[in-house]
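One file, entry-v2.csv, carrying CSV, N, CA and C atoms:
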chain,number,residue,atom,x,y,z
A,1,MET,N,20.9,117.6,90.4
A,1,MET,CA,20.0,117.3,91.5
A,1,MET,C,19.9,118.4,92.5
A,2,ASN,N,18.7,118.7,93.0
A,2,ASN,CA,18.4,119.7,94.0
A,2,ASN,C,19.2,119.5,95.3
A,3,GLU,N,19.8,120.5,95.8
A,3,GLU,CA,20.6,120.5,97.0
A,3,GLU,C,19.9,119.8,98.2
A,4,PHE,N,18.7,120.2,98.4
A,4,PHE,CA,17.9,119.6,99.5
A,4,PHE,C,17.8,118.0,99.3
A,5,VAL,N,17.5,117.6,98.1
A,5,VAL,CA,17.4,116.2,97.8
A,5,VAL,C,18.7,115.5,98.0
A,6,LYS,N,19.8,116.1,97.6
A,6,LYS,CA,21.1,115.5,97.8
A,6,LYS,C,21.5,115.3,99.3
A,7,ILE,N,21.2,116.4,100.1
A,7,ILE,CA,21.6,116.3,101.5
A,7,ILE,C,20.7,115.3,102.2
A,8,LEU,N,19.4,115.3,101.9
A,8,LEU,CA,18.4,114.4,102.6
A,8,LEU,C,18.8,113.0,102.4
A,9,LYS,N,19.2,112.6,101.2
A,9,LYS,CA,19.5,111.1,101.0
A,9,LYS,C,20.7,110.6,101.8
A,10,ASN,N,21.5,111.6,102.4
A,10,ASN,CA,22.7,111.2,103.2
A,10,ASN,C,22.4,111.2,104.7
A,11,LYS,N,21.2,111.5,105.1
A,11,LYS,CA,20.8,111.5,106.5
A,11,LYS,C,20.8,110.1,107.0
A,12,PRO,N,21.2,109.9,108.3
A,12,PRO,CA,21.3,108.6,108.9
A,12,PRO,C,19.9,107.9,108.9
A,13,GLY,N,19.9,106.7,108.5
A,13,GLY,CA,18.6,105.9,108.5
A,13,GLY,C,17.6,106.3,107.4
A,14,PHE,N,18.1,107.0,106.4
A,14,PHE,CA,17.2,107.5,105.4
A,14,PHE,C,16.6,106.4,104.6
A,15,VAL,N,15.2,106.5,104.5
A,15,VAL,CA,14.5,105.5,103.6
A,15,VAL,C,13.4,106.4,102.9
A,16,HIS,N,13.0,105.9,101.7
A,16,HIS,CA,12.1,106.6,100.9
A,16,HIS,C,11.2,105.6,100.2
A,17,MET,N,10.1,106.2,99.6
A,17,MET,CA,9.2,105.4,98.8
A,17,MET,C,9.4,105.7,97.3
A,18,ALA,N,8.5,105.3,96.5
A,18,ALA,CA,8.6,105.5,95.0
A,18,ALA,C,8.5,107.0,94.7
A,19,PRO,N,9.2,107.5,93.7
A,19,PRO,CA,9.1,108.9,93.3
A,19,PRO,C,7.6,109.2,92.8
A,20,ALA,N,7.2,110.4,93.1
A,20,ALA,CA,5.9,110.8,92.6
A,20,ALA,C,6.0,111.4,91.2
A,21,SER,N,4.9,111.1,90.5
A,21,SER,CA,4.9,111.7,89.1
A,21,SER,C,4.5,113.1,89.1
A,22,GLU,N,4.8,113.8,88.1
A,22,GLU,CA,4.4,115.3,87.9
A,22,GLU,C,2.9,115.4,88.0
A,23,VAL,N,2.2,114.4,87.4
A,23,VAL,CA,0.7,114.4,87.5
A,23,VAL,C,0.2,114.4,88.9
A,24,SER,N,0.7,113.4,89.7
A,24,SER,CA,0.3,113.3,91.1
A,24,SER,C,0.7,114.5,91.9
A,25,ILE,N,1.8,115.1,91.7
A,25,ILE,CA,2.2,116.3,92.4
A,25,ILE,C,1.2,117.4,92.1
A,26,ASN,N,0.9,117.6,90.8
A,26,ASN,CA,0.0,118.7,90.4
A,26,ASN,C,-1.4,118.4,91.0
A,27,GLU,N,-1.8,117.2,91.0
A,27,GLU,CA,-3.1,116.9,91.6
A,27,GLU,C,-3.2,117.2,93.1
A,28,ALA,N,-2.1,116.8,93.8
A,28,ALA,CA,-2.0,117.1,95.2
A,28,ALA,C,-2.1,118.6,95.5
A,29,GLU,N,-1.4,119.4,94.7
A,29,GLU,CA,-1.5,120.9,94.8
A,29,GLU,C,-3.0,121.4,94.6
A,30,LYS,N,-3.6,120.8,93.6
A,30,LYS,CA,-5.0,121.2,93.4
A,30,LYS,C,-5.9,120.8,94.6
A,31,GLN,N,-5.7,119.7,95.1
A,31,GLN,CA,-6.5,119.2,96.3
A,31,GLN,C,-6.4,120.1,97.5
A,32,ILE,N,-5.2,120.6,97.8
A,32,ILE,CA,-5.0,121.4,98.9
A,32,ILE,C,-5.0,122.9,98.6
A,33,VAL,N,-5.2,123.2,97.3
A,33,VAL,CA,-5.2,124.6,96.9
A,33,VAL,C,-4.0,125.4,97.4
A,34,ALA,N,-2.9,124.9,97.2
A,34,ALA,CA,-1.6,125.5,97.5
A,34,ALA,C,-0.5,125.1,96.6
A,35,LYS,N,0.4,125.9,96.4
A,35,LYS,CA,1.6,125.7,95.5
A,35,LYS,C,2.7,125.2,96.4
A,36,PHE,N,3.3,124.0,96.0
A,36,PHE,CA,4.5,123.5,96.6
A,36,PHE,C,5.7,124.3,96.3
A,37,SER,N,6.7,124.4,97.2
A,37,SER,CA,7.9,125.0,96.9
A,37,SER,C,8.7,124.2,95.9
A,38,ASP,N,9.7,124.8,95.3
A,38,ASP,CA,10.5,124.1,94.3
A,38,ASP,C,11.3,122.9,95.0
A,39,ASP,N,11.7,123.1,96.2
A,39,ASP,CA,12.4,122.1,97.0
A,39,ASP,C,11.5,120.9,97.3
A,40,PHE,N,10.3,121.2,97.7
A,40,PHE,CA,9.3,120.2,98.0
A,40,PHE,C,8.9,119.4,96.8
A,41,ARG,N,8.8,120.1,95.7
A,41,ARG,CA,8.5,119.4,94.4
A,41,ARG,C,9.6,118.5,94.0
A,42,ALA,N,10.9,118.9,94.1
A,42,ALA,CA,12.0,118.1,93.8
A,42,ALA,C,12.1,116.9,94.7
A,43,TYR,N,11.8,117.1,96.0
A,43,TYR,CA,11.8,116.0,96.9
A,43,TYR,C,10.7,115.0,96.6
A,44,LEU,N,9.5,115.4,96.2
A,44,LEU,CA,8.4,114.5,95.8
A,44,LEU,C,8.8,113.7,94.6
A,45,SER,N,9.4,114.4,93.6
A,45,SER,CA,9.8,113.8,92.4
A,45,SER,C,10.9,112.8,92.6
A,46,ALA,N,11.7,113.0,93.5
A,46,ALA,CA,12.8,112.1,93.8
A,46,ALA,C,12.4,110.9,94.7
A,47,TYR,N,11.6,111.2,95.7
A,47,TYR,CA,11.4,110.2,96.8
A,47,TYR,C,9.9,109.8,97.1
A,48,GLY,N,9.0,110.6,96.6
A,48,GLY,CA,7.6,110.4,97.0
A,48,GLY,C,7.3,110.9,98.4
A,49,CYS,N,8.0,110.2,99.4
A,49,CYS,CA,8.0,110.6,100.8
A,49,CYS,C,9.2,109.9,101.4
A,50,ALA,N,9.6,110.4,102.5
A,50,ALA,CA,10.9,109.9,103.1
A,50,ALA,C,10.9,110.1,104.6
A,51,SER,N,11.8,109.3,105.3
A,51,SER,CA,12.0,109.4,106.7
A,51,SER,C,13.5,109.2,107.0
A,52,TRP,N,13.9,109.7,108.2
A,52,TRP,CA,15.3,109.4,108.6
A,52,TRP,C,15.3,109.8,110.1
A,53,ALA,N,16.0,109.0,110.9
A,53,ALA,CA,16.4,109.3,112.3
A,53,ALA,C,15.3,110.1,113.0
A,54,GLY,N,14.1,109.5,113.1
A,54,GLY,CA,13.0,110.1,113.9
A,54,GLY,C,12.2,111.2,113.2
A,55,HIS,N,12.5,111.5,111.9
A,55,HIS,CA,11.7,112.5,111.1
A,55,HIS,C,10.9,111.7,110.1
A,56,GLU,N,9.7,112.1,109.8
A,56,GLU,CA,8.9,111.5,108.8
A,56,GLU,C,8.2,112.6,108.0
A,57,LEU,N,8.8,112.9,106.8
A,57,LEU,CA,8.2,114.0,106.0
A,57,LEU,C,6.9,113.5,105.3
A,58,THR,N,6.0,114.4,105.1
A,58,THR,CA,4.8,114.0,104.3
A,58,THR,C,5.2,113.9,102.9
A,59,GLY,N,4.3,113.4,102.1
A,59,GLY,CA,4.6,113.2,100.6
A,59,GLY,C,3.4,112.7,99.9
A,60,ILE,N,3.7,112.2,98.7
A,60,ILE,CA,2.7,111.6,97.9
A,60,ILE,C,2.7,110.1,98.2
A,61,SER,N,1.7,109.6,98.9
A,61,SER,CA,1.7,108.2,99.4
A,61,SER,C,0.3,107.7,99.5
A,62,ASP,N,0.1,106.4,99.4
A,62,ASP,CA,-1.2,105.8,99.7
A,62,ASP,C,-1.4,105.7,101.2
A,63,TYR,N,-0.4,105.8,102.0
A,63,TYR,CA,-0.4,105.7,103.5
A,63,TYR,C,-0.9,107.0,104.1
A,64,ASP,N,-2.1,107.0,104.7
A,64,ASP,CA,-2.7,108.2,105.2
A,64,ASP,C,-1.8,109.0,106.2
A,65,GLN,N,-1.0,108.3,107.0
A,65,GLN,CA,-0.2,108.9,108.1
A,65,GLN,C,0.9,109.8,107.5
A,66,ILE,N,1.2,109.6,106.2
A,66,ILE,CA,2.3,110.5,105.6
A,66,ILE,C,1.8,111.1,104.3
A,67,ASN,N,0.6,111.1,104.0
A,67,ASN,CA,0.0,111.7,102.8
A,67,ASN,C,-0.1,113.2,103.0
A,68,VAL,N,0.6,114.0,102.2
A,68,VAL,CA,0.6,115.5,102.4
A,68,VAL,C,-0.8,116.1,102.2
A,69,VAL,N,-1.6,115.5,101.3
A,69,VAL,CA,-3.0,116.1,101.1
A,69,VAL,C,-3.9,115.8,102.4
A,70,ARG,N,-3.9,114.6,102.8
A,70,ARG,CA,-4.8,114.2,103.9
A,70,ARG,C,-4.4,114.9,105.2
A,71,ILE,N,-3.1,114.9,105.5
A,71,ILE,CA,-2.6,115.6,106.7
A,71,ILE,C,-2.8,117.1,106.7
A,72,THR,N,-2.5,117.7,105.5
A,72,THR,CA,-2.7,119.2,105.4
A,72,THR,C,-4.2,119.5,105.6
A,73,LEU,N,-5.1,118.8,105.0
A,73,LEU,CA,-6.5,119.1,105.1
A,73,LEU,C,-7.0,118.9,106.6
A,74,GLU,N,-6.5,117.8,107.2
A,74,GLU,CA,-6.8,117.6,108.6
A,74,GLU,C,-6.3,118.6,109.5
A,75,GLU,N,-5.0,119.0,109.4
A,75,GLU,CA,-4.4,120.0,110.3
A,75,GLU,C,-5.0,121.4,110.1
A,76,ARG,N,-5.4,121.7,108.9
A,76,ARG,CA,-6.1,123.0,108.7
A,76,ARG,C,-7.4,123.0,109.4
A,77,THR,N,-8.1,121.9,109.4
A,77,THR,CA,-9.4,121.8,110.1
A,77,THR,C,-9.2,121.9,111.6
A,78,LEU,N,-8.2,121.3,112.1
A,78,LEU,CA,-7.9,121.4,113.6
A,78,LEU,C,-7.4,122.8,114.0
A,79,ASN,N,-6.8,123.5,113.1
A,79,ASN,CA,-6.2,124.8,113.5
A,79,ASN,C,-6.7,125.9,112.4
A,80,PRO,N,-7.8,126.6,112.7
A,80,PRO,CA,-8.2,127.6,111.7
A,80,PRO,C,-7.3,128.8,111.6
A,81,LYS,N,-6.3,128.9,112.4
A,81,LYS,CA,-5.4,130.0,112.2
A,81,LYS,C,-4.3,129.8,111.2
A,82,ILE,N,-4.3,128.6,110.5
A,82,ILE,CA,-3.3,128.3,109.5
A,82,ILE,C,-3.8,128.9,108.2
A,83,PRO,N,-2.9,129.7,107.5
A,83,PRO,CA,-3.2,130.3,106.2
A,83,PRO,C,-3.4,129.2,105.2
A,84,SER,N,-4.2,129.4,104.2
A,84,SER,CA,-4.5,128.3,103.2
A,84,SER,C,-3.4,128.0,102.3
A,85,ASP,N,-2.4,128.9,102.2
A,85,ASP,CA,-1.3,128.6,101.3
A,85,ASP,C,-0.2,127.7,101.9
A,86,LEU,N,-0.4,127.3,103.2
A,86,LEU,CA,0.6,126.4,103.8
A,86,LEU,C,0.2,124.9,103.7
A,87,TYR,N,1.2,124.1,103.7
A,87,TYR,CA,1.0,122.6,103.6
A,87,TYR,C,1.9,122.0,104.7
A,88,VAL,N,1.5,120.8,105.2
A,88,VAL,CA,2.3,120.2,106.2
A,88,VAL,C,3.4,119.4,105.6
A,89,ILE,N,4.6,119.6,106.2
A,89,ILE,CA,5.8,118.8,105.8
A,89,ILE,C,6.1,117.8,106.9
A,90,GLU,N,5.7,118.0,108.1
A,90,GLU,CA,5.9,117.0,109.1
A,90,GLU,C,5.1,117.3,110.4
A,91,GLN,N,4.5,116.2,110.9
A,91,GLN,CA,3.9,116.2,112.2
A,91,GLN,C,4.9,115.7,113.2
A,92,THR,N,5.4,116.5,114.1
A,92,THR,CA,6.6,116.1,114.9
A,92,THR,C,6.2,115.1,116.1
A,93,HIS,N,4.9,115.1,116.5
A,93,HIS,CA,4.4,114.3,117.6
A,93,HIS,C,5.2,114.7,118.9
A,94,ILE,N,5.6,115.9,118.9
A,94,ILE,CA,6.3,116.5,120.1
A,94,ILE,C,5.5,117.8,120.4
A,95,ASP,N,4.9,117.9,121.6
A,95,ASP,CA,4.2,119.1,122.0
A,95,ASP,C,3.2,119.6,120.9
A,96,ASP,N,2.6,118.6,120.1
A,96,ASP,CA,1.6,118.9,119.1
A,96,ASP,C,2.2,119.9,118.0
A,97,ILE,N,3.5,119.9,117.8
A,97,ILE,CA,4.1,120.9,116.8
A,97,ILE,C,3.9,120.3,115.4
A,98,VAL,N,3.4,121.1,114.5
A,98,VAL,CA,3.2,120.7,113.1
A,98,VAL,C,4.2,121.7,112.4
A,99,VAL,N,4.9,121.1,111.4
A,99,VAL,CA,5.8,121.8,110.6
A,99,VAL,C,5.2,122.0,109.2
A,100,TRP,N,5.1,123.3,108.8
A,100,TRP,CA,4.5,123.7,107.5
A,100,TRP,C,5.5,124.3,106.6
A,101,GLN,N,5.1,124.5,105.3
A,101,GLN,CA,5.9,125.2,104.4
A,101,GLN,C,5.0,126.0,103.5
A,102,ASP,N,5.5,127.1,102.9
A,102,ASP,CA,4.7,127.8,101.9
A,102,ASP,C,5.4,127.7,100.5
A,103,GLY,N,4.8,128.1,99.5
A,103,GLY,CA,5.3,128.0,98.2
A,103,GLY,C,6.6,128.7,97.9
A,104,SER,N,7.0,129.7,98.7
A,104,SER,CA,8.2,130.3,98.5
A,104,SER,C,9.4,129.5,99.2
A,105,GLY,N,9.0,128.5,100.0
A,105,GLY,CA,10.0,127.7,100.7
A,105,GLY,C,10.2,127.9,102.2
A,106,GLN,N,9.6,129.0,102.7
A,106,GLN,CA,9.7,129.2,104.1
A,106,GLN,C,9.0,128.1,105.0
A,107,VAL,N,9.6,127.8,106.1
A,107,VAL,CA,9.2,126.7,107.0
A,107,VAL,C,8.7,127.3,108.3
A,108,TYR,N,7.5,126.8,108.7
A,108,TYR,CA,6.8,127.4,109.9
A,108,TYR,C,6.5,126.3,110.9
A,109,TYR,N,6.4,126.6,112.2
A,109,TYR,CA,5.9,125.7,113.2
A,109,TYR,C,4.6,126.2,113.7
A,110,SER,N,3.7,125.3,114.1
A,110,SER,CA,2.5,125.7,114.7
A,110,SER,C,2.2,124.8,115.8
A,111,GLN,N,1.4,125.3,116.8
A,111,GLN,CA,0.8,124.5,117.8
A,111,GLN,C,-0.7,124.7,117.8
A,112,PRO,N,-1.5,123.8,118.4
A,112,PRO,CA,-2.9,123.9,118.3
A,112,PRO,C,-3.5,125.3,118.7
A,113,LYS,N,-4.4,125.8,117.8
A,113,LYS,CA,-5.1,127.1,118.0
A,113,LYS,C,-4.2,128.3,118.0
A,114,ARG,N,-3.0,128.1,117.5
A,114,ARG,CA,-2.1,129.3,117.4
A,114,ARG,C,-1.7,129.5,116.0
A,115,PRO,N,-1.4,130.7,115.6
A,115,PRO,CA,-0.9,130.9,114.2
A,115,PRO,C,0.5,130.4,114.0
A,116,PRO,N,0.8,130.0,112.8
A,116,PRO,CA,2.2,129.5,112.6
A,116,PRO,C,3.2,130.6,112.8
A,117,VAL,N,4.4,130.2,113.1
A,117,VAL,CA,5.6,131.1,113.3
A,117,VAL,C,6.7,130.6,112.3
A,118,GLN,N,7.2,131.6,111.5
A,118,GLN,CA,8.2,131.3,110.6
A,118,GLN,C,9.5,131.0,111.3
A,119,ARG,N,10.1,129.8,111.0
A,119,ARG,CA,11.3,129.3,111.7
A,119,ARG,C,12.5,129.2,110.8
A,120,PHE,N,12.3,128.8,109.6
A,120,PHE,CA,13.5,128.5,108.7
A,120,PHE,C,13.2,129.1,107.3
A,121,ALA,N,14.2,129.4,106.6
A,121,ALA,CA,14.0,130.0,105.2
A,121,ALA,C,13.8,128.9,104.2
A,122,SER,N,14.1,127.6,104.5
A,122,SER,CA,14.0,126.6,103.5
A,122,SER,C,14.0,125.2,104.1
A,123,LEU,N,13.6,124.2,103.3
A,123,LEU,CA,13.7,122.8,103.8
A,123,LEU,C,15.1,122.4,104.1
A,124,LEU,N,16.1,122.9,103.3
A,124,LEU,CA,17.5,122.6,103.6
A,124,LEU,C,17.9,123.1,105.0
A,125,GLU,N,17.5,124.3,105.3
A,125,GLU,CA,17.8,124.9,106.6
A,125,GLU,C,17.1,124.0,107.7
A,126,TYR,N,15.9,123.6,107.4
A,126,TYR,CA,15.1,122.8,108.4
A,126,TYR,C,15.8,121.5,108.7
A,127,ILE,N,16.2,120.8,107.7
A,127,ILE,CA,16.8,119.5,108.0
A,127,ILE,C,18.3,119.6,108.5
A,128,SER,N,18.8,120.8,108.4
A,128,SER,CA,20.2,121.0,108.9
A,128,SER,C,20.3,121.5,110.3
A,129,GLN,N,19.1,121.7,110.9
A,129,GLN,CA,19.1,122.2,112.3
A,129,GLN,C,19.8,121.3,113.3

Can you present the structure in this file as structure tokens?
Amino acid sequence: MNEFVKILKNKPGFVHMAPASEVSINEAEKQIVAKFSDDFRAYLSAYGCASWAGHELTGISDYDQINVVRITLEERTLNPKIPSDLYVIEQTHIDDIVVWQDGSGQVYYSQPKRPPVQRFASLLEYISQ
């Protein structure tokens, strides 16, 4: 099992939905025209989407408020300074900060009308902050 997936499931208050299929993960990548990192793919395959202690990660879900495709496309529209290879992993709802990731696994923060700033090297580092 992926290290990120193992650590995530032990977070306080951790809850998740149904695992996403490989087909639905590939379809989501096509819709946002971006490649998910290996960690994000492992997370989607294990949990679909998940939350814990005030964090709510995007994922493959029928619920719009946590659907990675819908949220990524919306946030890209709201902030044209976001590169097209990034996808949203979390909307923090604090100071309008949006958390993004690229296919190599790096994690970025952005605020409205500003380019993203790289903050963490991986999802594991992000949830370990």

Tell me which of A:Ala20, A:Gln106, A:Thr58, A:Asp39 sits closest to A:Ile89, counting all atoms listed in the file. A:Thr58

Can you pull out every residue from chain A that DSSP, working from the backbone, puts in helix (DSSP H, G or I), and format the result as a PyMOL selection string? chain A and resi 3-9+22-32+38-47+64-66+68-78+123-127

Nearest residue to A:Tyr108 out of A:Ser122, A:Asn2, A:Gln31, A:Asn10, using only N, CA and C atoms? A:Ser122

So that I can check the secondary structure, give me every residue of chain A assigned strand (DSSP E) by backbone DSSP, as a PyMOL selection string. chain A and resi 15-16+50-52+55-56+87-91+98-101+107-110+117-120

For A:Ile127, work out the shell of residues within 10 Å, counting only C-alpha atoms and skipping chain neighbours fewer than 4 positions away, then give it as a list in words.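 Everything that qualifies: Phe4, Ile7, Leu8, Lys11, His55, Phe120, Ser122 and Leu123 of chain A.
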
Pick from A:Cys49, A:Gly54, A:Lys81, A:Val99 nearest to A:Ile66, counting only N, CA and C atoms: A:Cys49

Expected residue set, 5 Å radius at (2.4, 127.4, 100.5), all atoms listed in the file, as a list in words: Lys35, Asp85, Leu86, Tyr87, Gln101, Asp102 and Gly103 of chain A

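Between A:Val33 and the residues A:Phe14, A:Leu78, A:Ser84, A:Asp62, the shortest atom-to-atom distance, using all atoms listed in the file, involves A:Ser84.
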
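Straight-line separation from atom N of A:Thr77 to atom C of A:Ser45: 26.9 Å.
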
Could the centre and edge lengths of an axis-aligned box, enclosing all atoms of stretch 109-125 of chain A in the file with 8 Å extra on each side, be given in Å to one decimal as lines of an AutoDock Vina configuration file?
center_x = 6.4
center_y = 127.0
center_z = 111.0
size_x = 39.0
size_y = 25.2
size_z = 31.4

Coordinates-based distance that separates atom N of A:Tyr43 from atom CA of A:Ile71 (Å, one decimal):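 Calculated distance between atom CA of A:Ile71 and atom N of A:Tyr43 is 18.0 Å.
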
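Closest approach to A:Phe36 among A:Pro116, A:Gly105, A:Pro80, A:Pro19: A:Gly105, based on only C-alpha atoms.
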
Could I get stretch 87-105 of chain A from the block written out with N, CA, C and O atoms, as a PDB file, in the first residue's frame?
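out-v9.pdb, freshly written:
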ATOM      1  N   TYR A  87      -4.124  20.383 -10.687  1.00  0.00           N
ATOM      2  CA  TYR A  87      -5.492  20.023 -10.309  1.00  0.00           C
ATOM      3  C   TYR A  87      -5.658  20.291  -8.811  1.00  0.00           C
ATOM      4  O   TYR A  87      -4.692  20.257  -8.046  1.00  0.00           O
ATOM      5  N   VAL A  88      -6.875  20.578  -8.407  1.00  0.00           N
ATOM      6  CA  VAL A  88      -7.159  20.937  -7.014  1.00  0.00           C
ATOM      7  C   VAL A  88      -7.210  19.686  -6.149  1.00  0.00           C
ATOM      8  O   VAL A  88      -7.901  18.721  -6.473  1.00  0.00           O
ATOM      9  N   ILE A  89      -6.483  19.742  -5.034  1.00  0.00           N
ATOM     10  CA  ILE A  89      -6.607  18.668  -4.054  1.00  0.00           C
ATOM     11  C   ILE A  89      -7.418  19.108  -2.837  1.00  0.00           C
ATOM     12  O   ILE A  89      -7.983  18.270  -2.142  1.00  0.00           O
ATOM     13  N   GLU A  90      -7.491  20.434  -2.608  1.00  0.00           N
ATOM     14  CA  GLU A  90      -8.300  20.906  -1.489  1.00  0.00           C
ATOM     15  C   GLU A  90      -8.589  22.397  -1.634  1.00  0.00           C
ATOM     16  O   GLU A  90      -7.720  23.167  -2.006  1.00  0.00           O
ATOM     17  N   GLN A  91      -9.811  22.776  -1.328  1.00  0.00           N
ATOM     18  CA  GLN A  91     -10.187  24.173  -1.143  1.00  0.00           C
ATOM     19  C   GLN A  91     -10.217  24.373   0.358  1.00  0.00           C
ATOM     20  O   GLN A  91     -11.037  23.763   1.044  1.00  0.00           O
ATOM     21  N   THR A  92      -9.323  25.219   0.881  1.00  0.00           N
ATOM     22  CA  THR A  92      -9.199  25.319   2.335  1.00  0.00           C
ATOM     23  C   THR A  92     -10.309  26.136   2.987  1.00  0.00           C
ATOM     24  O   THR A  92     -10.557  25.980   4.174  1.00  0.00           O
ATOM     25  N   HIS A  93     -10.940  27.026   2.236  1.00  0.00           N
ATOM     26  CA  HIS A  93     -11.952  27.935   2.775  1.00  0.00           C
ATOM     27  C   HIS A  93     -11.363  28.841   3.849  1.00  0.00           C
ATOM     28  O   HIS A  93     -12.072  29.323   4.728  1.00  0.00           O
ATOM     29  N   ILE A  94     -10.054  29.056   3.757  1.00  0.00           N
ATOM     30  CA  ILE A  94      -9.346  29.992   4.630  1.00  0.00           C
ATOM     31  C   ILE A  94      -8.579  30.942   3.717  1.00  0.00           C
ATOM     32  O   ILE A  94      -7.721  30.496   2.934  1.00  0.00           O
ATOM     33  N   ASP A  95      -8.889  32.216   3.783  1.00  0.00           N
ATOM     34  CA  ASP A  95      -8.224  33.229   2.956  1.00  0.00           C
ATOM     35  C   ASP A  95      -8.250  32.884   1.470  1.00  0.00           C
ATOM     36  O   ASP A  95      -7.340  33.236   0.732  1.00  0.00           O
ATOM     37  N   ASP A  96      -9.277  32.155   1.030  1.00  0.00           N
ATOM     38  CA  ASP A  96      -9.434  31.762  -0.379  1.00  0.00           C
ATOM     39  C   ASP A  96      -8.247  30.953  -0.908  1.00  0.00           C
ATOM     40  O   ASP A  96      -7.968  30.951  -2.102  1.00  0.00           O
ATOM     41  N   ILE A  97      -7.556  30.261  -0.023  1.00  0.00           N
ATOM     42  CA  ILE A  97      -6.415  29.439  -0.451  1.00  0.00           C
ATOM     43  C   ILE A  97      -6.938  28.152  -1.086  1.00  0.00           C
ATOM     44  O   ILE A  97      -7.807  27.474  -0.545  1.00  0.00           O
ATOM     45  N   VAL A  98      -6.372  27.843  -2.237  1.00  0.00           N
ATOM     46  CA  VAL A  98      -6.661  26.594  -2.938  1.00  0.00           C
ATOM     47  C   VAL A  98      -5.355  25.815  -2.996  1.00  0.00           C
ATOM     48  O   VAL A  98      -4.285  26.369  -3.270  1.00  0.00           O
ATOM     49  N   VAL A  99      -5.435  24.516  -2.719  1.00  0.00           N
ATOM     50  CA  VAL A  99      -4.266  23.644  -2.724  1.00  0.00           C
ATOM     51  C   VAL A  99      -4.309  22.814  -4.005  1.00  0.00           C
ATOM     52  O   VAL A  99      -5.318  22.182  -4.314  1.00  0.00           O
ATOM     53  N   TRP A 100      -3.197  22.828  -4.736  1.00  0.00           N
ATOM     54  CA  TRP A 100      -3.084  22.179  -6.041  1.00  0.00           C
ATOM     55  C   TRP A 100      -1.975  21.148  -6.011  1.00  0.00           C
ATOM     56  O   TRP A 100      -1.105  21.193  -5.147  1.00  0.00           O
ATOM     57  N   GLN A 101      -1.983  20.283  -7.001  1.00  0.00           N
ATOM     58  CA  GLN A 101      -0.879  19.338  -7.176  1.00  0.00           C
ATOM     59  C   GLN A 101      -0.610  19.190  -8.662  1.00  0.00           C
ATOM     60  O   GLN A 101      -1.497  19.385  -9.492  1.00  0.00           O
ATOM     61  N   ASP A 102       0.640  18.838  -8.978  1.00  0.00           N
ATOM     62  CA  ASP A 102       0.967  18.523 -10.374  1.00  0.00           C
ATOM     63  C   ASP A 102       1.282  17.037 -10.487  1.00  0.00           C
ATOM     64  O   ASP A 102       1.338  16.323  -9.483  1.00  0.00           O
ATOM     65  N   GLY A 103       1.455  16.570 -11.693  1.00  0.00           N
ATOM     66  CA  GLY A 103       1.672  15.154 -11.948  1.00  0.00           C
ATOM     67  C   GLY A 103       2.927  14.572 -11.328  1.00  0.00           C
ATOM     68  O   GLY A 103       3.012  13.364 -11.104  1.00  0.00           O
ATOM     69  N   SER A 104       3.910  15.432 -11.014  1.00  0.00           N
ATOM     70  CA  SER A 104       5.127  14.942 -10.369  1.00  0.00           C
ATOM     71  C   SER A 104       4.946  14.797  -8.863  1.00  0.00           C
ATOM     72  O   SER A 104       5.795  14.228  -8.193  1.00  0.00           O
ATOM     73  N   GLY A 105       3.833  15.349  -8.335  1.00  0.00           N
ATOM     74  CA  GLY A 105       3.540  15.210  -6.915  1.00  0.00           C
ATOM     75  C   GLY A 105       3.702  16.476  -6.097  1.00  0.00           C
ATOM     76  O   GLY A 105       3.287  16.525  -4.943  1.00  0.00           O
TER      77      GLY A 105
END
